[in-house]
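Have a look at coords-v1.txt below; it lists compact mmCIF, C-alpha atoms.
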# COMPACT_ATOMS: atom_id res chain seq x y z
CA MET A 1 0.00 0.00 0.00
CA PRO A 2 1.27 3.47 -0.76
CA ARG A 3 2.42 5.36 2.27
CA ALA A 4 0.21 8.24 3.25
CA GLY A 5 1.83 11.59 2.61
CA ARG A 6 2.57 14.06 5.34
CA SER A 7 -0.29 16.25 6.41
CA GLY A 8 -0.10 19.64 4.73
CA SER A 9 1.47 20.40 1.43
CA SER A 10 4.85 22.03 1.10
CA ARG A 11 4.64 25.79 1.15
CA SER A 12 5.12 27.55 -2.12
CA PRO A 13 8.04 29.97 -2.63
CA ILE A 14 5.52 32.78 -3.23
CA TRP A 15 3.85 32.18 0.13
CA CYS A 16 7.21 32.05 1.90
CA GLY A 17 8.23 35.27 0.17
CA GLU A 18 5.09 37.01 1.41
CA VAL A 19 5.79 35.86 4.97
CA ASP A 20 9.38 37.11 4.76
CA ALA A 21 8.19 40.46 3.42
CA ARG A 22 5.73 40.80 6.31
CA ARG A 23 8.41 39.95 8.85
CA LYS A 24 10.78 42.48 7.33
CA GLY A 25 8.01 45.08 7.39
CA LEU A 26 7.27 44.41 11.07
CA ALA A 27 10.98 44.57 11.88
CA SER A 28 11.41 47.90 10.09
CA PRO A 29 12.64 50.69 12.42
CA ILE A 30 10.65 53.16 10.32
CA LEU A 31 7.40 51.41 11.28
CA TRP A 32 8.09 51.46 15.02
CA VAL A 33 9.47 55.01 15.12
CA GLY A 34 6.48 56.16 13.07
CA LEU A 35 4.03 54.40 15.40
CA LEU A 36 5.68 55.86 18.50
CA PHE A 37 5.63 59.33 16.96
CA ALA A 38 1.95 59.02 15.99
CA VAL A 39 0.93 57.70 19.43
CA LEU A 40 2.72 60.53 21.23
CA LEU A 41 1.24 63.12 18.88
CA LEU A 42 -2.30 61.89 19.43
CA ARG A 43 -2.19 60.49 22.97
CA MET A 44 0.50 62.28 24.94
CA ASP A 45 -2.07 62.56 27.74
CA ALA A 46 -1.71 58.79 28.30
CA LEU A 47 1.66 59.61 29.92
CA ARG A 48 0.03 61.94 32.45
CA PRO A 49 0.53 59.52 35.39
CA PHE A 50 4.21 59.15 34.57
CA PHE A 51 4.82 62.90 34.33
CA ARG A 52 2.88 63.50 37.58
CA TRP A 53 5.03 60.92 39.32
CA ALA A 54 8.26 62.32 37.85
CA PHE A 55 7.37 66.00 38.37
CA PRO A 56 5.09 66.32 41.41
CA GLY A 57 3.52 69.72 41.90
CA VAL A 58 3.62 70.73 38.21
CA GLU A 59 0.18 71.55 36.79
CA PRO A 60 -0.80 71.09 34.06
CA VAL A 61 1.74 68.35 33.51
CA ILE A 62 0.82 67.88 29.81
CA TYR A 63 1.09 70.84 27.43
CA ASP A 64 -2.48 71.91 26.60
CA ARG A 65 -2.37 75.34 24.98
CA ALA A 66 -2.54 73.66 21.57
CA SER A 67 -2.78 70.04 20.46
CA PHE A 68 0.47 68.35 19.55
CA LEU A 69 -1.06 67.39 16.21
CA GLU A 70 -1.73 71.07 15.48
CA LEU A 71 1.82 71.97 16.45
CA PHE A 72 3.21 69.20 14.22
CA ILE A 73 1.18 70.27 11.18
CA ALA A 74 2.34 73.88 11.59
CA HIS A 75 5.94 72.71 12.06
CA LEU A 76 5.70 70.48 8.99
CA GLN A 77 4.35 73.32 6.86
CA LEU A 78 7.26 75.59 7.82
CA VAL A 79 9.87 72.93 7.08
CA ALA A 80 8.18 71.86 3.83
CA ALA A 81 7.89 75.41 2.50
CA ALA A 82 11.48 76.36 3.37
CA SER A 83 12.98 73.04 2.20
CA LEU A 84 11.09 73.05 -1.09
CA ALA A 85 12.24 76.59 -1.84
CA ALA A 86 15.83 75.77 -0.80
CA SER A 87 15.83 72.60 -2.94
CA VAL A 88 14.60 74.40 -6.04
CA ALA A 89 17.00 77.31 -5.56
CA GLY A 90 19.97 75.11 -4.59
CA VAL A 91 19.63 72.66 -7.47
CA SER A 92 19.02 75.51 -9.94
CA LEU A 93 22.16 77.31 -8.78
CA ALA A 94 24.14 74.06 -8.97
CA VAL A 95 22.96 73.48 -12.53
CA PHE A 96 23.86 77.06 -13.43
CA VAL A 97 27.42 76.97 -12.04
CA THR A 98 28.15 73.59 -13.66
CA ARG A 99 27.23 74.88 -17.14
CA PRO A 100 29.83 76.71 -19.24
CA ALA A 101 27.93 80.02 -18.94
CA GLY A 102 27.93 79.94 -15.14
CA ARG A 103 31.31 78.52 -14.20
CA ASP A 104 32.71 81.99 -13.45
CA PHE A 105 30.05 82.41 -10.73
CA ARG A 106 30.95 79.16 -8.92
CA THR A 107 33.12 80.81 -6.27
CA MET A 108 30.56 83.52 -5.56
CA VAL A 109 27.68 81.03 -5.17
CA ASP A 110 29.77 78.82 -2.86
CA ALA A 111 30.71 81.84 -0.75
CA LEU A 112 27.12 83.08 -0.45
CA ALA A 113 25.87 79.62 0.53
CA ALA A 114 28.64 79.28 3.13
CA VAL A 115 27.77 82.66 4.62
CA GLY A 116 24.13 81.64 4.84
CA GLN A 117 25.11 78.45 6.68
CA THR A 118 27.35 80.25 9.19
CA PHE A 119 24.90 83.13 9.77
CA PRO A 120 22.87 82.11 12.87
CA PRO A 121 19.14 81.62 12.19
CA VAL A 122 18.42 83.70 15.29
CA ALA A 123 20.22 86.63 13.66
CA VAL A 124 18.16 86.17 10.49
CA LEU A 125 15.00 86.29 12.61
CA ALA A 126 16.22 89.42 14.37
CA ILE A 127 16.71 91.13 11.00
CA ALA A 128 13.57 89.78 9.34
CA VAL A 129 11.02 90.43 12.10
CA PRO A 130 11.24 94.26 11.96
CA LEU A 131 10.85 94.08 8.16
CA ILE A 132 8.05 91.52 7.72
CA GLY A 133 6.64 91.07 11.21
CA PHE A 134 6.23 88.14 13.57
CA GLY A 135 4.98 84.68 12.69
CA ALA A 136 5.84 82.02 10.16
CA ARG A 137 7.36 84.14 7.38
CA PRO A 138 10.64 85.13 9.11
CA THR A 139 11.06 81.50 10.20
CA VAL A 140 10.70 80.25 6.62
CA ILE A 141 13.28 82.81 5.45
CA ALA A 142 15.75 81.72 8.14
CA LEU A 143 15.29 78.03 7.32
CA PHE A 144 15.62 78.72 3.60
CA ILE A 145 18.93 80.56 3.98
CA TYR A 146 20.28 78.03 6.47
CA GLY A 147 19.39 75.04 4.28
CA LEU A 148 20.97 76.13 1.00
CA LEU A 149 24.60 75.09 1.55
CA PRO A 150 24.25 71.28 1.80
CA ILE A 151 21.91 71.22 -1.19
CA ILE A 152 24.18 73.32 -3.41
CA GLU A 153 27.32 71.40 -2.40
CA ASN A 154 25.78 67.98 -3.02
CA ALA A 155 24.06 69.02 -6.24
CA VAL A 156 27.33 70.38 -7.65
CA ALA A 157 29.20 67.24 -6.56
CA GLY A 158 26.55 65.00 -8.09
CA LEU A 159 26.45 66.82 -11.42
CA GLU A 160 30.23 67.02 -11.68
CA GLY A 161 30.48 63.34 -10.75
CA VAL A 162 28.67 62.17 -13.87
CA PRO A 163 31.32 60.24 -15.87
CA TYR A 164 32.73 62.04 -18.88
CA ALA A 165 32.16 58.95 -21.03
CA VAL A 166 28.45 59.10 -20.25
CA ARG A 167 28.32 62.75 -21.28
CA GLU A 168 30.11 61.95 -24.52
CA ALA A 169 27.71 59.09 -25.22
CA ALA A 170 24.75 61.42 -24.70
CA ASP A 171 26.29 63.97 -27.07
CA GLY A 172 26.90 61.21 -29.59
CA MET A 173 23.20 60.33 -29.47
CA GLY A 174 22.43 63.88 -30.59
CA LEU A 175 21.03 65.14 -27.28
CA SER A 176 21.09 68.87 -26.72
CA PRO A 177 22.78 70.16 -23.54
CA TRP A 178 19.41 70.57 -21.80
CA GLN A 179 18.20 67.15 -22.95
CA ARG A 180 21.41 65.63 -21.64
CA LEU A 181 20.88 67.40 -18.32
CA GLY A 182 17.31 66.16 -17.91
CA ALA A 183 17.72 62.65 -19.30
CA VAL A 184 21.23 61.75 -18.15
CA GLU A 185 22.94 64.05 -15.66
CA LEU A 186 20.12 64.76 -13.19
CA PRO A 187 18.97 61.11 -12.92
CA LEU A 188 22.54 59.94 -12.29
CA ALA A 189 23.19 62.75 -9.79
CA ALA A 190 19.82 62.28 -8.04
CA PRO A 191 21.11 60.11 -5.13
CA VAL A 192 23.84 62.63 -4.26
CA ILE A 193 21.42 65.56 -4.61
CA LEU A 194 18.91 63.79 -2.38
CA ALA A 195 21.59 63.25 0.26
CA GLY A 196 22.07 67.02 0.44
CA ILE A 197 18.32 67.62 0.66
CA ARG A 198 18.15 64.99 3.39
CA VAL A 199 20.73 66.85 5.49
CA SER A 200 19.03 70.19 4.84
CA VAL A 201 15.56 68.97 5.81
CA THR A 202 16.80 67.22 8.96
CA ILE A 203 18.59 70.40 10.06
CA ALA A 204 15.47 72.45 9.28
CA ILE A 205 13.28 70.25 11.51
CA GLY A 206 15.44 71.01 14.52
CA THR A 207 16.09 74.64 13.64
CA ALA A 208 12.40 75.41 13.05
CA THR A 209 11.80 75.25 16.79
CA ILE A 210 13.34 78.71 17.17
CA GLY A 211 10.42 80.08 15.14
CA SER A 212 8.36 79.89 18.32
CA THR A 213 10.42 82.78 19.70
CA VAL A 214 8.91 85.07 17.04
CA GLY A 215 5.33 83.85 17.20
CA ALA A 216 5.38 80.87 14.82
CA LEU A 217 3.55 77.76 15.93
CA THR A 218 5.96 74.78 16.04
CA LEU A 219 6.83 71.76 18.13
CA GLY A 220 9.27 74.12 19.80
CA THR A 221 6.38 76.06 21.36
CA PRO A 222 6.08 73.69 24.36
CA ILE A 223 9.85 73.84 24.79
CA PHE A 224 10.01 77.62 25.05
CA ASP A 225 6.78 77.85 27.09
CA GLY A 226 8.23 75.25 29.46
CA LEU A 227 11.48 77.19 29.81
CA VAL A 228 9.62 80.43 30.53
CA ALA A 229 7.21 78.85 33.04
CA ASN A 230 9.82 76.48 34.53
CA LYS A 231 7.80 73.43 33.50
CA VAL A 232 10.25 70.70 32.55
CA PRO A 233 7.55 68.26 31.29
CA PHE A 234 6.64 70.70 28.50
CA VAL A 235 10.30 70.87 27.44
CA ILE A 236 10.62 67.07 27.41
CA GLN A 237 7.42 66.59 25.43
CA GLY A 238 8.38 69.09 22.74
CA ALA A 239 11.98 67.87 22.51
CA VAL A 240 11.00 64.20 22.19
CA LEU A 241 8.52 64.95 19.40
CA VAL A 242 11.03 67.09 17.47
CA ALA A 243 13.65 64.36 17.81
CA LEU A 244 11.27 61.63 16.61
CA PHE A 245 10.14 63.82 13.71
CA ALA A 246 13.76 64.35 12.63
CA ILE A 247 14.69 60.68 13.03
CA LEU A 248 11.65 59.45 11.11
CA THR A 249 12.24 61.94 8.29
CA ASP A 250 15.91 60.98 8.06
CA MET A 251 14.97 57.27 7.86
CA LEU A 252 12.46 57.91 5.08
CA PHE A 253 14.99 59.92 3.10
CA GLY A 254 17.55 57.16 3.65
CA ARG A 255 15.20 54.57 2.18
CA LEU A 256 14.43 56.80 -0.81
CA GLU A 257 18.15 57.45 -1.31
CA ARG A 258 18.93 53.71 -1.36
CA TRP A 259 16.14 53.16 -3.88
CA LEU A 260 17.55 55.88 -6.15
CA ARG A 261 21.07 54.45 -5.88
CA ARG A 262 19.80 51.01 -6.89
CA GLY A 263 18.01 52.60 -9.84
CA ALA A 264 21.11 54.54 -10.88
CA ALA A 265 23.26 51.41 -10.58
CA GLY A 266 20.80 49.43 -12.68
Kindly return the structure encoded in the file as structure tokens.
Amino acid sequence: MPRAGRSGSSRSPIWCGEVDARRKGLASPILWVGLLFAVLLLRMDALRPFFRWAFPGVEPVIYDRASFLELFIAHLQLVAAASLAASVAGVSLAVFVTRPAGRDFRTMVDALAAVGQTFPPVAVLAIAVPLIGFGARPTVIALFIYGLLPIIENAVAGLEGVPYAVREAADGMGLSPWQRLGAVELPLAAPVILAGIRVSVTIAIGTATIGSTVGALTLGTPIFDGLVANKVPFVIQGAVLVALFAILTDMLFGRLERWLRRGAAG
């Protein structure tokens, strides 16, 4: 008599691949950092017993002048506006100074970007507030100026790092200089450019907190309110959320950068 087979059929490679993908997804640091960030944004009040135990006598122990979600959205809008403007301006300037018509301006652009990086954002706010008033606008200006240098440096390095043989091949195909830029140079330089944007955005997330000193709503608002009122829990809550926001953003950019590098290598 034929021997009865084992109960259960062997698992297919597709099924095993799906299980491995799910395990990798659950093990992803991005998932857990994102979940922690979301929980703290929406349910910081769940930590009320801990903060009351750690800081007896402080009331209220959870920042309540605005919701943390509202603060995050305002903070995100400031960073997004400044980083988008800095990315467009930085990449455009890098393209300009790496073309024959703009090479003579390379030193000047590098110097201006370096000055913007070394000029303290607080000083930019001090100059901008009397001219355009309090609120979000001076903060965006400060973040824009402060974020240009890493974008320009990386964009120039990426564009100049395109192999000469590749440029020659593009010219041999009859591509115009602008067609070569859009179809060959920018795609190959994209991972290096993105690395500069990644640094700029991460810096902007932390630097945007100073906007609260001139009336902008950010995740730095609890920090400065806590310093003024001597309420350490407010400072901790704001600082933890800013740190998680920066870490999560850096992780997402890192994943996108790896994807672009694989595409460029392929």
May I have the residues within 8 Å of Pro233 (chain A) as a compact mmCIF listing (two decimals) with C-alpha atoms, in the coordinates of the input, using all atoms listed in the file and disregarding those fewer than 5 positions away in the same chain?
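Output file around_0.txt follows:
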# COMPACT_ATOMS: atom_id res chain seq x y z
CA PHE A 51 4.82 62.90 34.33
CA PHE A 55 7.37 66.00 38.37
CA VAL A 61 1.74 68.35 33.51
CA ILE A 62 0.82 67.88 29.81
CA TYR A 63 1.09 70.84 27.43
CA GLY A 226 8.23 75.25 29.46
Hey, can you check how far CA of Val156 (chain A) sits from CA of Ser200 (chain A)?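 Computing the Euclidean distance for CA of Val156 (chain A) and CA of Ser200 (chain A) yields 15.0 Å.
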Give me, as a PyMOL selection string, all polymer residues having an atom no more than 12 Å from Leu47 (chain A), counting all atoms listed in the file and skipping those fewer than 3 positions away in the same chain. chain A and resi 39-44+50-54+61-63+233+236-237
Of the residues A:Gly158, A:Gly116, A:Gly147, A:Gly34, which is the one nearest to Leu181 (chain A), using only C-alpha atoms?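 Answer, going by the shortest atom-to-atom distance: A:Gly158.
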May I ask which of the residues A:Pro177, A:Phe234, A:Ala208, A:Phe144 is the closest one to Ala74 (chain A), counting only C-alpha atoms? A:Ala208
Region 91-99 of chain A surroundings by all atoms listed in the file, 8 Å radius, close-in-sequence under 3 positions cut, as a tab-separated table (two decimals) with C-alpha atoms, keeping the file's coordinate frame:
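Heads up, here's the output in result29.tsv:
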chain	number	residue	atom	x	y	z
A	87	SER	CA	15.83	72.60	-2.94
A	88	VAL	CA	14.60	74.40	-6.04
A	102	GLY	CA	27.93	79.94	-15.14
A	103	ARG	CA	31.31	78.52	-14.20
A	104	ASP	CA	32.71	81.99	-13.45
A	105	PHE	CA	30.05	82.41	-10.73
A	106	ARG	CA	30.95	79.16	-8.92
A	109	VAL	CA	27.68	81.03	-5.17
A	151	ILE	CA	21.91	71.22	-1.19
A	152	ILE	CA	24.18	73.32	-3.41
A	153	GLU	CA	27.32	71.40	-2.40
A	155	ALA	CA	24.06	69.02	-6.24
A	156	VAL	CA	27.33	70.38	-7.65
A	159	LEU	CA	26.45	66.82	-11.42
A	160	GLU	CA	30.23	67.02	-11.68
A	193	ILE	CA	21.42	65.56	-4.61
Excluding same-chain residues fewer than 2 positions from Gly211 (chain A), what lies within 12 Å of it counting only C-alpha atoms, as a PyMOL selection string? chain A and resi 71+74-75+78-79+121-126+128-129+134-143+204-209+213-221+223-224
For Ala82 (chain A), which residue among A:Tyr146, A:Val240, A:Val199, A:Leu248 is the nearest when counting only C-alpha atoms?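 Smallest separation from Ala82 (chain A) among the options: A:Tyr146.
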Just the residues within 12 Å of Asp171 (chain A), please, counting only C-alpha atoms, with nothing from its chain fewer than 4 positions along; format it as a PyMOL selection string. chain A and resi 164-167+175-181+183-185
Proximity to Leu149 (chain A) - best of A:Leu112, A:Ala195, A:Ala169, A:Leu131, all atoms listed in the file: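 For Leu149 (chain A), the nearest of the given residues is A:Leu112.
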How would region 185-216 of chain A read, as a tab-separated table (two decimals), keeping the file's coordinate frame, once N, CA and C atoms are built in?
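For reference, rebuild.tsv as written:
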chain	number	residue	atom	x	y	z
A	185	GLU	N	22.17	63.54	-16.79
A	185	GLU	CA	22.94	64.05	-15.66
A	185	GLU	C	22.12	64.08	-14.36
A	186	LEU	N	20.92	64.67	-14.42
A	186	LEU	CA	20.12	64.76	-13.19
A	186	LEU	C	19.72	63.39	-12.65
A	187	PRO	N	19.27	62.44	-13.47
A	187	PRO	CA	18.97	61.11	-12.92
A	187	PRO	C	20.17	60.44	-12.26
A	188	LEU	N	21.36	60.56	-12.87
A	188	LEU	CA	22.54	59.94	-12.29
A	188	LEU	C	22.99	60.66	-11.02
A	189	ALA	N	22.78	61.97	-10.97
A	189	ALA	CA	23.19	62.75	-9.79
A	189	ALA	C	22.13	62.75	-8.70
A	190	ALA	N	20.94	62.21	-8.98
A	190	ALA	CA	19.82	62.28	-8.04
A	190	ALA	C	20.15	61.75	-6.64
A	191	PRO	N	20.82	60.58	-6.50
A	191	PRO	CA	21.11	60.11	-5.13
A	191	PRO	C	21.97	61.07	-4.32
A	192	VAL	N	22.97	61.68	-4.97
A	192	VAL	CA	23.84	62.63	-4.26
A	192	VAL	C	23.08	63.90	-3.93
A	193	ILE	N	22.24	64.37	-4.87
A	193	ILE	CA	21.42	65.56	-4.61
A	193	ILE	C	20.47	65.30	-3.46
A	194	LEU	N	19.85	64.12	-3.45
A	194	LEU	CA	18.91	63.79	-2.38
A	194	LEU	C	19.59	63.73	-1.02
A	195	ALA	N	20.85	63.28	-1.01
A	195	ALA	CA	21.59	63.25	0.26
A	195	ALA	C	21.75	64.65	0.83
A	196	GLY	N	21.98	65.64	-0.03
A	196	GLY	CA	22.07	67.02	0.44
A	196	GLY	C	20.73	67.54	0.94
A	197	ILE	N	19.66	67.21	0.23
A	197	ILE	CA	18.32	67.62	0.66
A	197	ILE	C	17.99	66.97	1.99
A	198	ARG	N	18.39	65.72	2.14
A	198	ARG	CA	18.15	64.99	3.39
A	198	ARG	C	18.78	65.71	4.58
A	199	VAL	N	20.04	66.12	4.42
A	199	VAL	CA	20.73	66.85	5.49
A	199	VAL	C	20.03	68.17	5.77
A	200	SER	N	19.67	68.89	4.69
A	200	SER	CA	19.03	70.19	4.84
A	200	SER	C	17.69	70.09	5.57
A	201	VAL	N	16.88	69.12	5.19
A	201	VAL	CA	15.56	68.97	5.81
A	201	VAL	C	15.70	68.58	7.28
A	202	THR	N	16.62	67.65	7.57
A	202	THR	CA	16.80	67.22	8.96
A	202	THR	C	17.24	68.39	9.83
A	203	ILE	N	18.16	69.21	9.32
A	203	ILE	CA	18.59	70.40	10.06
A	203	ILE	C	17.41	71.35	10.26
A	204	ALA	N	16.60	71.52	9.21
A	204	ALA	CA	15.47	72.45	9.28
A	204	ALA	C	14.46	72.03	10.34
A	205	ILE	N	14.25	70.72	10.51
A	205	ILE	CA	13.28	70.25	11.51
A	205	ILE	C	13.69	70.70	12.90
A	206	GLY	N	14.98	70.56	13.21
A	206	GLY	CA	15.44	71.01	14.52
A	206	GLY	C	15.50	72.52	14.65
A	207	THR	N	15.93	73.18	13.59
A	207	THR	CA	16.09	74.64	13.64
A	207	THR	C	14.74	75.36	13.67
A	208	ALA	N	13.71	74.76	13.11
A	208	ALA	CA	12.40	75.41	13.05
A	208	ALA	C	11.83	75.70	14.43
A	209	THR	N	12.33	75.01	15.44
A	209	THR	CA	11.80	75.25	16.79
A	209	THR	C	12.02	76.69	17.24
A	210	ILE	N	13.08	77.34	16.74
A	210	ILE	CA	13.34	78.71	17.17
A	210	ILE	C	12.28	79.67	16.63
A	211	GLY	N	11.49	79.23	15.64
A	211	GLY	CA	10.42	80.08	15.14
A	211	GLY	C	9.40	80.42	16.20
A	212	SER	N	9.31	79.61	17.24
A	212	SER	CA	8.36	79.89	18.32
A	212	SER	C	8.74	81.14	19.10
A	213	THR	N	10.00	81.56	19.00
A	213	THR	CA	10.42	82.78	19.70
A	213	THR	C	9.89	84.03	19.01
A	214	VAL	N	9.44	83.91	17.76
A	214	VAL	CA	8.91	85.07	17.04
A	214	VAL	C	7.44	84.87	16.66
A	215	GLY	N	6.78	83.99	17.38
A	215	GLY	CA	5.33	83.85	17.20
A	215	GLY	C	4.88	82.76	16.26
A	216	ALA	N	5.79	81.99	15.67
A	216	ALA	CA	5.38	80.87	14.82
A	216	ALA	C	4.98	79.69	15.68
